[in-house]
>>> print(open('upload25.tsv').read())   # TSV, C-alpha atoms and all ligand atoms
chain	number	residue	atom	x	y	z
M	30	MET	CA	-63.19	-1.63	21.93
M	31	SER	CA	-59.71	-0.29	22.16
M	32	THR	CA	-56.66	-2.44	21.67
M	33	ALA	CA	-53.60	-1.76	23.83
M	34	VAL	CA	-50.66	-0.58	21.77
M	35	GLU	CA	-47.43	-2.13	22.88
M	36	VAL	CA	-44.58	0.32	22.62
M	37	THR	CA	-41.17	-1.25	22.73
M	38	HIS	CA	-38.02	0.76	23.22
M	39	PRO	CA	-34.97	-1.14	22.03
M	40	ILE	CA	-32.35	-1.46	24.71
M	41	LYS	CA	-29.22	0.32	23.59
M	42	LEU	CA	-26.19	-0.26	25.75
M	43	THR	CA	-23.01	1.74	25.39
M	44	GLU	CA	-20.45	0.90	22.77
M	45	ARG	CA	-17.87	0.49	25.54
M	46	ILE	CA	-19.80	-2.16	27.46
M	47	ASN	CA	-20.37	-4.07	24.22
M	48	ARG	CA	-16.61	-4.15	23.70
M	49	ILE	CA	-16.08	-6.62	26.55
M	50	GLU	CA	-17.08	-10.19	27.42
M	51	PRO	CA	-18.14	-11.69	30.73
M	52	SER	CA	-15.25	-13.35	32.58
M	53	ALA	CA	-14.72	-16.92	31.31
M	54	THR	CA	-13.85	-18.16	34.79
M	55	MET	CA	-17.00	-16.70	36.31
M	56	ALA	CA	-19.03	-18.46	33.58
M	57	VAL	CA	-17.61	-21.85	34.56
M	58	VAL	CA	-18.30	-21.22	38.24
M	59	ALA	CA	-21.92	-20.39	37.35
M	60	GLU	CA	-22.39	-23.53	35.23
M	61	ALA	CA	-20.82	-25.77	37.88
M	62	ASP	CA	-23.09	-24.17	40.51
M	63	LYS	CA	-26.11	-24.92	38.34
M	64	LEU	CA	-25.20	-28.61	38.12
M	65	ARG	CA	-24.58	-28.71	41.86
M	66	GLY	CA	-28.01	-27.15	42.36
M	67	GLN	CA	-29.43	-30.18	40.53
M	68	GLY	CA	-27.79	-32.43	43.11
M	69	ILE	CA	-24.84	-33.42	40.88
M	70	ASP	CA	-21.52	-34.03	42.63
M	71	VAL	CA	-19.09	-31.78	40.71
M	72	VAL	CA	-15.33	-31.85	41.28
M	73	ASP	CA	-14.37	-28.21	41.05
M	74	PHE	CA	-11.05	-27.40	39.37
M	75	GLY	CA	-12.54	-24.19	37.97
M	76	ALA	CA	-12.52	-21.58	40.69
M	77	GLY	CA	-9.23	-19.73	41.14
M	78	GLU	CA	-9.23	-19.46	44.88
M	79	PRO	CA	-7.47	-21.01	47.86
M	80	HIS	CA	-9.22	-23.88	49.59
M	81	PHE	CA	-7.73	-22.72	52.90
M	82	ALA	CA	-9.77	-20.76	55.44
M	83	THR	CA	-8.70	-17.20	56.21
M	84	PRO	CA	-6.23	-17.34	59.14
M	85	ALA	CA	-7.85	-17.02	62.58
M	86	HIS	CA	-6.01	-13.84	63.64
M	87	VAL	CA	-7.28	-12.07	60.52
M	88	LYS	CA	-10.86	-13.08	61.22
M	89	GLU	CA	-10.50	-11.96	64.84
M	90	ALA	CA	-9.29	-8.52	63.75
M	91	ALA	CA	-12.41	-8.11	61.60
M	92	ILE	CA	-14.68	-9.16	64.46
M	93	ALA	CA	-12.91	-6.72	66.79
M	94	ALA	CA	-13.36	-3.95	64.19
M	95	ILE	CA	-17.10	-4.61	64.07
M	96	GLN	CA	-17.35	-4.62	67.86
M	97	ALA	CA	-15.41	-1.35	68.01
M	98	ASN	CA	-17.82	0.22	65.50
M	99	PHE	CA	-15.10	0.76	62.93
M	100	SER	CA	-17.88	1.12	60.42
M	101	LYS	CA	-17.62	4.60	58.95
M	102	TYR	CA	-16.19	5.78	55.64
M	103	THR	CA	-12.41	5.91	55.65
M	104	ALA	CA	-10.05	7.88	53.42
M	105	VAL	CA	-10.74	6.88	49.80
M	106	ALA	CA	-7.31	5.28	49.33
M	107	GLY	CA	-7.51	3.41	52.62
M	108	THR	CA	-6.54	4.28	56.18
M	109	ALA	CA	-3.05	5.57	56.88
M	110	GLU	CA	-2.58	2.50	59.08
M	111	LEU	CA	-3.34	0.15	56.18
M	112	ARG	CA	-1.30	2.01	53.59
M	113	ASP	CA	1.67	2.07	55.95
M	114	ALA	CA	1.23	-1.65	56.61
M	115	ILE	CA	1.19	-2.38	52.85
M	116	VAL	CA	4.33	-0.38	52.06
M	117	HIS	CA	6.12	-1.80	55.10
M	118	ARG	CA	5.28	-5.42	54.26
M	119	HIS	CA	6.40	-4.91	50.67
M	120	ALA	CA	9.62	-3.21	51.76
M	121	VAL	CA	10.48	-6.02	54.16
M	122	ASP	CA	9.62	-8.83	51.74
M	123	PHE	CA	10.86	-7.32	48.48
M	124	ASP	CA	13.15	-4.41	49.29
M	125	SER	CA	10.86	-1.82	47.74
M	126	ASP	CA	10.87	1.79	48.88
M	127	CYS	CA	7.46	3.46	48.75
M	128	ARG	CA	5.83	6.20	50.76
M	129	ARG	CA	2.21	6.19	51.93
M	130	GLU	CA	1.37	8.63	49.08
M	131	GLU	CA	2.59	6.00	46.63
M	132	CYS	CA	0.08	3.42	47.84
M	133	ILE	CA	-3.66	3.00	47.36
M	134	ALA	CA	-5.88	0.20	48.69
M	135	SER	CA	-8.75	-0.95	46.48
M	136	VAL	CA	-11.58	-3.49	46.51
M	137	GLY	CA	-9.41	-6.42	45.40
M	138	GLY	CA	-6.55	-6.65	42.94
M	139	LYS	CA	-9.05	-6.67	40.10
M	140	HIS	CA	-10.37	-3.27	41.12
M	141	ALA	CA	-6.83	-1.96	41.47
M	142	LEU	CA	-5.99	-3.18	37.95
M	143	PHE	CA	-9.17	-1.73	36.49
M	144	ASN	CA	-8.42	1.67	38.02
M	145	ALA	CA	-4.77	1.55	37.00
M	146	ILE	CA	-5.58	0.67	33.38
M	147	SER	CA	-8.33	3.30	33.33
M	148	VAL	CA	-5.93	6.08	34.29
M	149	LEU	CA	-3.12	4.96	31.96
M	150	VAL	CA	-4.70	3.70	28.75
M	151	ASP	CA	-6.39	5.95	26.22
M	152	HIS	CA	-8.06	5.32	22.87
M	153	GLY	CA	-5.62	3.87	20.39
M	154	ASP	CA	-2.88	3.12	22.93
M	155	GLU	CA	-1.09	-0.20	22.56
M	156	VAL	CA	-0.71	-2.50	25.52
M	157	ILE	CA	1.68	-5.45	25.37
M	158	LEU	CA	0.06	-8.48	26.95
M	159	PRO	CA	1.74	-11.89	27.22
M	160	VAL	CA	-0.31	-14.94	26.20
M	161	PRO	CA	-1.74	-16.88	27.94
M	162	TYR	CA	-3.14	-13.96	29.90
M	163	TRP	CA	-5.41	-13.69	32.91
M	164	VAL	CA	-8.91	-13.27	31.49
M	165	SER	CA	-9.64	-9.76	32.71
M	166	PHE	CA	-6.56	-7.93	31.34
M	167	LYS	CA	-7.77	-7.97	27.75
M	168	ASP	CA	-11.23	-6.72	28.61
M	169	MET	CA	-9.98	-4.01	30.95
M	170	VAL	CA	-7.72	-2.69	28.19
M	171	ARG	CA	-10.53	-2.82	25.64
M	172	TYR	CA	-12.92	-1.08	28.02
M	173	ALA	CA	-10.38	1.72	28.36
M	174	GLY	CA	-10.20	1.96	24.54
M	175	GLY	CA	-6.72	0.47	24.16
M	176	ASN	CA	-5.49	-2.21	21.77
M	177	CYS	CA	-3.86	-5.35	23.11
M	178	VAL	CA	-0.69	-6.41	21.34
M	179	LEU	CA	-0.44	-10.07	22.18
M	180	LEU	CA	2.92	-11.58	23.02
M	181	GLU	CA	2.83	-15.28	22.16
M	182	SER	CA	4.92	-17.38	24.54
M	183	ASP	CA	6.30	-20.82	23.80
M	184	GLU	CA	4.77	-23.79	25.55
M	185	ALA	CA	7.98	-25.77	25.03
M	186	GLN	CA	9.73	-23.11	27.14
M	187	GLY	CA	7.12	-23.37	29.90
M	188	PHE	CA	5.31	-20.27	28.55
M	189	ARG	CA	8.16	-18.15	29.89
M	190	VAL	CA	8.23	-14.49	28.84
M	191	THR	CA	11.61	-12.92	28.12
M	192	ALA	CA	12.67	-9.30	27.74
M	193	ASP	CA	13.63	-9.91	24.08
M	194	MET	CA	10.12	-11.10	23.33
M	195	VAL	CA	8.71	-7.90	24.84
M	196	ALA	CA	11.23	-5.66	23.05
M	197	ARG	CA	10.21	-7.03	19.64
M	198	LEU	CA	6.64	-5.74	20.11
M	199	VAL	CA	7.41	-2.19	21.25
M	200	THR	CA	6.22	0.54	18.85
M	201	PRO	CA	5.85	4.32	19.22
M	202	ARG	CA	2.25	3.70	20.29
M	203	THR	CA	3.14	1.35	23.15
M	204	LYS	CA	1.77	2.83	26.35
M	205	LEU	CA	1.88	-0.06	28.74
M	206	ILE	CA	3.37	-3.50	29.29
M	207	ILE	CA	1.47	-5.87	31.58
M	208	LEU	CA	3.48	-8.53	33.41
M	209	ASN	CA	1.99	-11.24	35.59
M	210	SER	CA	4.57	-13.46	37.23
M	211	PRO	CA	3.77	-16.06	38.48
M	212	SER	CA	1.15	-16.25	35.77
M	213	ASN	CA	-2.47	-17.15	35.87
M	214	PRO	CA	-3.15	-19.47	34.00
M	215	SER	CA	0.23	-20.98	33.05
M	216	GLY	CA	2.09	-20.74	36.37
M	217	ALA	CA	5.12	-19.46	34.41
M	218	VAL	CA	7.62	-17.34	36.33
M	219	MET	CA	9.73	-14.67	34.64
M	220	SER	CA	13.36	-14.58	35.68
M	221	PRO	CA	14.46	-11.55	37.75
M	222	GLU	CA	16.91	-10.76	34.92
M	223	ASP	CA	14.15	-10.63	32.31
M	224	MET	CA	11.91	-8.55	34.55
M	225	THR	CA	14.75	-6.14	35.16
M	226	ALA	CA	15.46	-5.88	31.44
M	227	VAL	CA	11.78	-5.14	30.73
M	228	LEU	CA	11.80	-2.38	33.34
M	229	GLN	CA	15.01	-0.93	31.86
M	230	LEU	CA	13.49	-0.95	28.40
M	231	ALA	CA	10.26	0.64	29.61
M	232	HIS	CA	12.14	3.30	31.54
M	233	ARG	CA	14.26	4.16	28.52
M	234	ARG	CA	11.27	4.35	26.17
M	235	GLY	CA	8.84	6.11	28.55
M	236	ILE	CA	6.48	3.13	28.70
M	237	TRP	CA	4.50	2.13	31.78
M	238	VAL	CA	4.76	-1.34	33.33
M	239	ILE	CA	2.06	-2.90	35.46
M	240	SER	CA	3.39	-5.87	37.37
M	241	ASP	CA	0.48	-7.91	38.65
M	242	GLU	CA	1.83	-9.62	41.76
M	243	CYS	CA	-1.31	-11.46	42.73
M	244	TYR	CA	0.73	-14.70	43.10
M	245	VAL	CA	4.09	-13.22	44.06
M	246	TYR	CA	4.20	-15.18	47.33
M	247	LEU	CA	3.28	-18.40	45.50
M	248	ASN	CA	6.58	-18.72	43.68
M	249	TYR	CA	8.08	-22.23	43.78
M	250	THR	CA	11.44	-21.47	42.15
M	251	GLY	CA	13.06	-20.44	45.42
M	252	LYS	CA	13.70	-16.95	43.96
M	253	ARG	CA	10.77	-14.78	45.05
M	254	PHE	CA	11.07	-11.49	43.20
M	255	SER	CA	9.18	-8.23	42.79
M	256	VAL	CA	10.01	-5.43	40.38
M	257	GLY	CA	9.43	-3.22	43.42
M	258	SER	CA	13.05	-3.93	44.35
M	259	LEU	CA	14.17	-2.09	41.19
M	260	ARG	CA	13.91	1.29	42.87
M	261	GLU	CA	15.71	3.13	40.09
M	262	TYR	CA	12.85	2.40	37.66
M	263	LYS	CA	10.08	3.31	40.07
M	264	ASP	CA	8.83	6.27	38.07
M	265	ARG	CA	7.43	4.03	35.32
M	266	MET	CA	6.19	1.11	37.39
M	267	LEU	CA	2.95	0.06	39.04
M	268	VAL	CA	3.03	-2.92	41.38
M	269	VAL	CA	-0.44	-4.35	41.89
M	270	GLY	CA	-0.90	-6.77	44.77
M	271	SER	CA	-3.73	-8.60	46.46
M	272	LEU	CA	-4.41	-10.25	49.78
M	273	SER	CA	-6.81	-12.69	48.08
M	274	LYS	CA	-4.44	-15.57	47.40
M	275	THR	CA	-1.60	-14.73	49.80
M	276	TYR	CA	-3.82	-14.86	52.90
M	277	ALA	CA	-6.77	-16.89	51.57
M	278	MET	CA	-9.00	-13.80	51.56
M	279	THR	CA	-10.69	-13.87	48.14
M	280	GLY	CA	-14.12	-12.87	49.40
M	281	TRP	CA	-12.85	-10.05	51.59
M	282	ARG	CA	-11.79	-7.97	48.56
M	283	LEU	CA	-8.57	-6.16	49.34
M	284	GLY	CA	-5.93	-5.26	46.80
M	285	TYR	CA	-3.43	-2.45	46.42
M	286	THR	CA	-1.23	-0.52	44.04
M	287	LEU	CA	2.25	0.88	44.63
M	288	ALA	CA	2.96	3.55	42.04
M	289	PRO	CA	4.20	7.10	41.57
M	290	ALA	CA	2.12	9.55	43.65
M	291	VAL	CA	0.64	11.15	40.52
M	292	ILE	CA	-0.78	7.77	39.42
M	293	VAL	CA	-2.02	6.98	42.93
M	294	GLY	CA	-3.66	10.42	42.97
M	295	ALA	CA	-5.45	9.75	39.68
M	296	MET	CA	-6.57	6.31	40.85
M	297	SER	CA	-7.86	7.85	44.09
M	298	LYS	CA	-9.83	10.40	42.07
M	299	LEU	CA	-11.47	7.60	40.07
M	300	GLN	CA	-12.08	5.58	43.22
M	301	SER	CA	-13.59	8.64	44.95
M	302	GLN	CA	-16.19	8.84	42.18
M	303	SER	CA	-16.98	5.13	42.09
M	304	THR	CA	-16.49	2.78	45.03
M	305	SER	CA	-14.84	5.07	47.61
M	306	ASN	CA	-12.79	3.20	50.23
M	307	PRO	CA	-12.53	-0.59	50.53
M	308	THR	CA	-14.75	-1.87	53.37
M	309	SER	CA	-13.58	-0.39	56.67
M	310	ILE	CA	-13.70	-3.70	58.55
M	311	VAL	CA	-11.73	-5.47	55.85
M	312	GLN	CA	-9.04	-2.81	56.13
M	313	LYS	CA	-8.56	-3.73	59.80
M	314	ALA	CA	-8.38	-7.42	58.87
M	315	ALA	CA	-5.84	-6.59	56.17
M	316	VAL	CA	-3.63	-4.76	58.68
M	317	ALA	CA	-3.69	-7.88	60.88
M	318	ALA	CA	-2.75	-10.06	57.89
M	319	LEU	CA	0.12	-7.80	56.83
M	320	LYS	CA	1.52	-7.12	60.29
M	321	GLY	CA	0.91	-10.52	61.89
M	322	SER	CA	2.97	-13.67	61.63
M	323	GLN	CA	3.70	-14.63	58.02
M	324	GLU	CA	4.01	-18.31	58.87
M	325	CYS	CA	0.61	-19.06	57.31
M	326	VAL	CA	1.85	-17.76	53.95
M	327	GLU	CA	4.79	-20.15	53.91
M	328	GLN	CA	2.67	-23.07	55.12
M	329	MET	CA	0.21	-22.55	52.28
M	330	ARG	CA	3.05	-22.20	49.76
M	331	GLN	CA	4.53	-25.54	50.84
M	332	GLU	CA	1.13	-27.21	50.54
M	333	TYR	CA	0.61	-25.79	47.05
M	334	ILE	CA	3.95	-27.30	45.99
M	335	ASN	CA	2.74	-30.75	47.12
M	336	LEU	CA	-0.56	-30.26	45.32
M	337	ARG	CA	1.18	-29.07	42.16
M	338	ASP	CA	3.44	-32.11	42.06
M	339	HIS	CA	0.48	-34.39	42.64
M	340	VAL	CA	-1.74	-32.91	39.95
M	341	VAL	CA	0.97	-32.55	37.32
M	342	GLY	CA	2.04	-36.17	37.92
M	343	GLY	CA	-1.59	-37.29	37.61
M	344	LEU	CA	-2.21	-35.30	34.43
M	345	ARG	CA	0.97	-36.49	32.75
M	346	ALA	CA	-0.09	-40.08	33.46
M	347	ILE	CA	-3.20	-39.63	31.27
M	348	PRO	CA	-2.29	-40.74	27.73
M	349	GLY	CA	-2.62	-37.82	25.31
M	350	VAL	CA	-2.42	-35.07	27.95
M	351	ARG	CA	0.75	-32.94	28.00
M	352	CYS	CA	1.48	-30.60	30.88
M	353	THR	CA	4.26	-28.11	31.59
M	354	LEU	CA	5.47	-27.77	35.18
M	355	PRO	CA	4.03	-24.58	36.66
M	356	GLU	CA	6.58	-22.68	38.76
M	357	GLY	CA	4.08	-20.63	40.71
M	358	ALA	CA	0.40	-19.77	41.36
M	359	PHE	CA	-1.98	-22.73	41.74
M	360	TYR	CA	-2.94	-23.69	38.21
M	361	ALA	CA	-1.92	-26.44	35.83
M	362	TYR	CA	-2.40	-25.68	32.14
M	363	PRO	CA	-2.45	-29.00	30.29
M	364	ASN	CA	-2.50	-29.25	26.50
M	365	VAL	CA	-5.47	-31.35	25.36
M	366	SER	CA	-5.18	-30.82	21.60
M	367	GLU	CA	-4.42	-34.53	21.13
M	368	PHE	CA	-8.15	-35.15	21.60
M	369	PHE	CA	-9.33	-32.69	18.94
M	370	GLY	CA	-11.02	-34.57	16.12
M	371	ARG	CA	-12.08	-37.42	18.40
M	372	ALA	CA	-15.74	-38.05	19.30
M	373	GLY	CA	-16.88	-34.67	17.96
M	374	ILE	CA	-14.41	-32.63	20.01
M	375	GLN	CA	-12.99	-29.65	18.12
M	376	SER	CA	-11.69	-27.27	20.77
M	377	ALA	CA	-10.62	-26.73	24.36
M	378	SER	CA	-14.11	-25.35	25.01
M	379	ASP	CA	-15.58	-28.66	23.83
M	380	VAL	CA	-13.21	-30.53	26.15
M	381	ALA	CA	-14.08	-28.35	29.17
M	382	GLY	CA	-17.81	-28.43	28.37
M	383	ARG	CA	-17.91	-32.20	28.03
M	384	LEU	CA	-15.69	-32.72	31.06
M	385	LEU	CA	-18.20	-30.74	33.07
M	386	ARG	CA	-21.39	-32.23	31.67
M	387	GLU	CA	-20.24	-35.85	31.25
M	388	ALA	CA	-17.50	-36.35	33.85
M	389	HIS	CA	-18.65	-33.63	36.28
M	390	VAL	CA	-15.23	-32.01	36.51
M	391	ALA	CA	-15.15	-28.21	36.24
M	392	THR	CA	-12.16	-26.71	34.39
M	393	VAL	CA	-11.74	-23.49	32.40
M	394	PRO	CA	-11.15	-23.65	28.62
M	395	GLY	CA	-7.99	-21.98	27.36
M	396	GLU	CA	-9.76	-19.75	24.83
M	397	GLY	CA	-10.54	-17.26	27.62
M	398	PHE	CA	-6.80	-17.01	28.31
M	399	GLY	CA	-5.88	-16.61	24.65
M	400	THR	CA	-4.73	-20.15	23.77
M	401	LYS	CA	-6.78	-22.79	22.02
M	402	ASP	CA	-5.15	-26.07	23.03
M	403	HIS	CA	-5.41	-25.98	26.82
M	404	ILE	CA	-7.67	-26.20	29.80
M	405	ARG	CA	-6.91	-24.62	33.17
M	406	ILE	CA	-7.03	-26.69	36.29
M	407	SER	CA	-7.00	-24.98	39.65
M	408	TYR	CA	-5.28	-27.31	42.09
M	409	ALA	CA	-6.12	-25.27	45.18
M	410	THR	CA	-8.01	-28.15	46.71
M	411	SER	CA	-7.29	-31.28	48.75
M	412	ILE	CA	-5.27	-34.26	47.49
M	413	ALA	CA	-8.41	-36.40	47.88
M	414	GLU	CA	-10.38	-34.02	45.66
M	415	LEU	CA	-7.55	-33.93	43.11
M	416	ASP	CA	-7.60	-37.73	43.01
M	417	ARG	CA	-11.36	-37.84	42.49
M	418	GLY	CA	-11.11	-35.37	39.62
M	419	LEU	CA	-8.07	-37.04	38.05
M	420	GLU	CA	-9.81	-40.42	38.11
M	421	ARG	CA	-12.84	-38.94	36.33
M	422	MET	CA	-10.57	-37.29	33.77
M	423	ARG	CA	-8.66	-40.53	33.18
M	424	LYS	CA	-11.93	-42.31	32.42
M	425	PHE	CA	-13.25	-39.46	30.26
M	426	PHE	CA	-10.11	-39.11	28.11
M	427	GLY	CA	-9.63	-42.90	28.02
M	428	ALA	CA	-13.05	-43.31	26.43
M	429	LEU	CA	-12.42	-40.78	23.63
L	501	LIG	C1	-3.55	-12.73	37.75
L	501	LIG	C2	-4.60	-12.20	38.66
L	501	LIG	N1	-4.59	-10.90	38.94
L	501	LIG	C3	-5.51	-10.36	39.73
L	501	LIG	C4	-6.51	-11.13	40.29
L	501	LIG	C5	-7.51	-10.44	41.13
L	501	LIG	O1	-7.68	-10.97	42.39
L	501	LIG	P1	-8.53	-10.18	43.47
L	501	LIG	O2	-9.40	-9.22	42.79
L	501	LIG	O3	-9.29	-11.25	44.20
L	501	LIG	O4	-7.53	-9.50	44.35
L	501	LIG	C6	-6.57	-12.49	40.01
L	501	LIG	C7	-7.64	-13.33	40.55
L	501	LIG	O5	-7.86	-14.45	40.18
L	501	LIG	C8	-5.58	-13.04	39.18
L	501	LIG	O6	-5.56	-14.34	38.90
>>> encode(input="upload25.tsv", output="structure tokens")
Amino acid sequence: MSTAVEVTHPIKLTERINRIEPSATMAVVAEADKLRGQGIDVVDFGAGEPHFATPAHVKEAAIAAIQANFSKYTAVAGTAELRDAIVHRHAVDFDSDCRREECIASVGGKHALFNAISVLVDHGDEVILPVPYWVSFKDMVRYAGGNCVLLESDEAQGFRVTADMVARLVTPRTKLIILNSPSNPSGAVMSPEDMTAVLQLAHRRGIWVISDECYVYLNYTGKRFSVGSLREYKDRMLVVGSLSKTYAMTGWRLGYTLAPAVIVGAMSKLQSQSTSNPTSIVQKAAVAALKGSQECVEQMRQEYINLRDHVVGGLRAIPGVRCTLPEGAFYAYPNVSEFFGRAGIQSASDVAGRLLREAHVATVPGEGFGTKDHIRISYATSIAELDRGLERMRKFFGAL
């Protein structure tokens, strides 16, 4: 009688994939979905996406594109029509001056950022990254082999990043500075003066700047600003934008980069060997979004201001919770450290975990954004839903 010999081959993944972590926000979405699957009514403050539907004229453009069989490959960097629409919209809204060759469309802002970091950052390069940071920046830099140099911001100053703070961290190895204003997760907005000073510094020192403008239209200070307007520093700057939040199009996946043609060329090369063009139909929808009436953008912005005021007021009314006033994006970033040491809670992760499991409110712990005392609350939802979640949080924190 022969016995079967089991041969096991250990799974060895690459060193580079082991360098990164799964996205903290995606993990929360998955856990909240699991609870919902068990029939539990979860109030979702976790997902970072608009609660609005995509505007009707954008949806209609996609349907028309399908009917017209606009379903073939397009140019890798996007159609000429789309690239022209992107540079035109940006020029009108922010006084930038880019040619079609200085623009590439990608499969979402995240894809654009991944490609941009991949073509700029090499092993051992330093990348200055303000804290709190959007979860994916750190992992994209690590995947590329770079080292993040973290710029700690001050909560008492609303997590604002200044040019002086950036300047203090520049070394001969600095390759790139990443700016994200308005910021996910803090909602902090950099002043145009500070952004200009960072661009001046970078230009002088031969350092690249990526300005992630995912939330540039969701600025509540009354001073909407893009570094794209600083035309004289264009040769060191990459502006990365997205239609996801601006036009409530997260699932459609359309982002873009405005950058020197040599960078756009390198990103196109990478894109040509990976994803190729963004979905053809989505490109038609994006043209409709960019060229159509912009009224929907302003309407959503106004609504986010109401929601921000409501949620920040509600959070500040919970004893022990402190919350800065976000000046953009759609996140509140309350400090919950007052509760550490109570009822077995030691960290923001404990707070977010227990809030989800015991109070059925999904939030994202601050550790994923580089701070340990906070949780992120996405307020892109209805006032009624905010109230339901705030009430549950009041009870949860009140019982600690
Ligand atoms: C700061 C920031 N940048 C980029 C993105 C990417 O968005 P998308 O890939 O949907 O365009 C996000 C999404 O949450 C974000 O918060």
>>> closest_atom_pairs(input="upload25.tsv", of="chain M", to="ligand LIG 501 (chain L)", cutoff="10 Å", atoms="all atoms listed in the file", output="tab-separated table")
residue	atom	partner	partner_atom	distance
M:Thr54	CA	L:LIG501	O5	8.9
M:Ala76	CA	L:LIG501	O5	8.5
M:Gly77	CA	L:LIG501	O5	5.5
M:Glu78	CA	L:LIG501	O5	7.0
M:Ser135	CA	L:LIG501	O4	8.9
M:Val136	CA	L:LIG501	O2	7.2
M:Gly137	CA	L:LIG501	O4	3.8
M:Gly138	CA	L:LIG501	O4	3.3
M:Lys139	CA	L:LIG501	O2	3.7
M:His140	CA	L:LIG501	O2	6.3
M:Ala141	CA	L:LIG501	O2	7.8
M:Leu142	CA	L:LIG501	C3	7.4
M:Phe143	CA	L:LIG501	O2	9.8
M:Tyr162	CA	L:LIG501	C1	8.0
M:Trp163	CA	L:LIG501	C1	5.3
M:Val164	CA	L:LIG501	O6	8.2
M:Ser165	CA	L:LIG501	N1	8.1
M:Phe166	CA	L:LIG501	N1	8.4
M:Leu208	CA	L:LIG501	C1	9.3
M:Asn209	CA	L:LIG501	C1	6.1
M:Ser210	CA	L:LIG501	C1	8.2
M:Pro211	CA	L:LIG501	C1	8.1
M:Ser212	CA	L:LIG501	C1	6.2
M:Asn213	CA	L:LIG501	C1	4.9
M:Pro214	CA	L:LIG501	O6	7.5
M:Gly216	CA	L:LIG501	C1	9.9
M:Ser240	CA	L:LIG501	N1	9.6
M:Asp241	CA	L:LIG501	N1	5.9
M:Glu242	CA	L:LIG501	N1	7.1
M:Cys243	CA	L:LIG501	N1	5.0
M:Tyr244	CA	L:LIG501	C1	7.1
M:Val245	CA	L:LIG501	C1	9.9
M:Val269	CA	L:LIG501	C3	8.2
M:Gly270	CA	L:LIG501	O4	7.2
M:Ser271	CA	L:LIG501	O4	4.4
M:Leu272	CA	L:LIG501	O4	6.3
M:Ser273	CA	L:LIG501	O3	4.8
M:Lys274	CA	L:LIG501	O3	7.2
M:Thr275	CA	L:LIG501	O4	9.6
M:Ala277	CA	L:LIG501	O3	9.6
M:Met278	CA	L:LIG501	O3	7.8
M:Thr279	CA	L:LIG501	O3	4.9
M:Gly280	CA	L:LIG501	O3	7.3
M:Trp281	CA	L:LIG501	O3	8.3
M:Arg282	CA	L:LIG501	O3	6.0
M:Leu283	CA	L:LIG501	O4	6.1
M:Gly284	CA	L:LIG501	O4	5.2
M:Tyr285	CA	L:LIG501	O4	8.4
M:Ala358	CA	L:LIG501	O6	8.4
M:Phe359	CA	L:LIG501	O6	9.6
M:Tyr360	CA	L:LIG501	O6	9.7
>>> atom_distance(input="upload25.tsv", atom1="atom CA of M:Arg260", atom2="atom CA of M:Asp113")
17.9 Å
>>> residues_near_point(input="upload25.tsv", point="(-11.4, -23.5, 35.3)", cutoff="12 Å", atoms="only C-alpha atoms", output="MDAnalysis selection string")
chainID M and resid 52:61 72:78 163:164 213:214 359:363 377:378 380:382 384:385 390:398 403:409
>>> residues_near_point(input="upload25.tsv", point="(1.2, 1.8, 21.1)", cutoff="12 Å", atoms="only C-alpha atoms", output="VMD selection string")
chain M and resid 150 to 158 174 to 178 198 to 206 234 to 237
>>> residues_around(input="upload25.tsv", residues="stretch 303-318 of chain M", least_positions_apart="5", cutoff="6 Å", atoms="all atoms listed in the file", output="list in words")
Val87, Ala90, Ala91, Ala94, Ser100, Val105, Ala106, Gly107, Leu111, Ser135 and Val136 of chain M
>>> residues_around(input="upload25.tsv", residues="M:Leu354", least_positions_apart="6", cutoff="12 Å", atoms="all atoms listed in the file", output="compact mmCIF listing (two decimals) with C-alpha atoms, keeping the file's coordinate frame")
# COMPACT_ATOMS: atom_id res chain seq x y z
CA GLU M 184 4.77 -23.79 25.55
CA ALA M 185 7.98 -25.77 25.03
CA GLN M 186 9.73 -23.11 27.14
CA GLY M 187 7.12 -23.37 29.90
CA PHE M 188 5.31 -20.27 28.55
CA ARG M 189 8.16 -18.15 29.89
CA SER M 215 0.23 -20.98 33.05
CA GLY M 216 2.09 -20.74 36.37
CA ALA M 217 5.12 -19.46 34.41
CA VAL M 218 7.62 -17.34 36.33
CA TYR M 249 8.08 -22.23 43.78
CA THR M 250 11.44 -21.47 42.15
CA ILE M 334 3.95 -27.30 45.99
CA ARG M 337 1.18 -29.07 42.16
CA ASP M 338 3.44 -32.11 42.06
CA HIS M 339 0.48 -34.39 42.64
CA VAL M 340 -1.74 -32.91 39.95
CA VAL M 341 0.97 -32.55 37.32
CA GLY M 342 2.04 -36.17 37.92
CA LEU M 344 -2.21 -35.30 34.43
CA ARG M 345 0.97 -36.49 32.75
CA TYR M 360 -2.94 -23.69 38.21
CA ALA M 361 -1.92 -26.44 35.83
CA TYR M 362 -2.40 -25.68 32.14
CA PRO M 363 -2.45 -29.00 30.29
CA ASN M 364 -2.50 -29.25 26.50
>>> residues_around(input="upload25.tsv", residues="M:Ile115", least_positions_apart="5", cutoff="9 Å", atoms="all atoms listed in the file", output="number ranges by chain")
M: 110, 120, 129, 132, 134, 285, 287, 315-316, 319-320
>>> closest_residue(input="upload25.tsv", among="M:Ile95, M:Met219, M:Met194, M:Met422", to="M:Gly343", atoms="only C-alpha atoms")
M:Met422
>>> closest_residue(input="upload25.tsv", among="M:Gly427, M:Pro84, M:Pro348, M:Gly257", to="M:Met329", atoms="all atoms listed in the file")
M:Pro84
>>> atom_distance(input="upload25.tsv", atom1="atom CA of M:Pro355", atom2="atom CA of M:Ala288")
28.7 Å
>>> atom_distance(input="upload25.tsv", atom1="atom CA of M:Val190", atom2="atom CA of M:Asn144")
25.0 Å
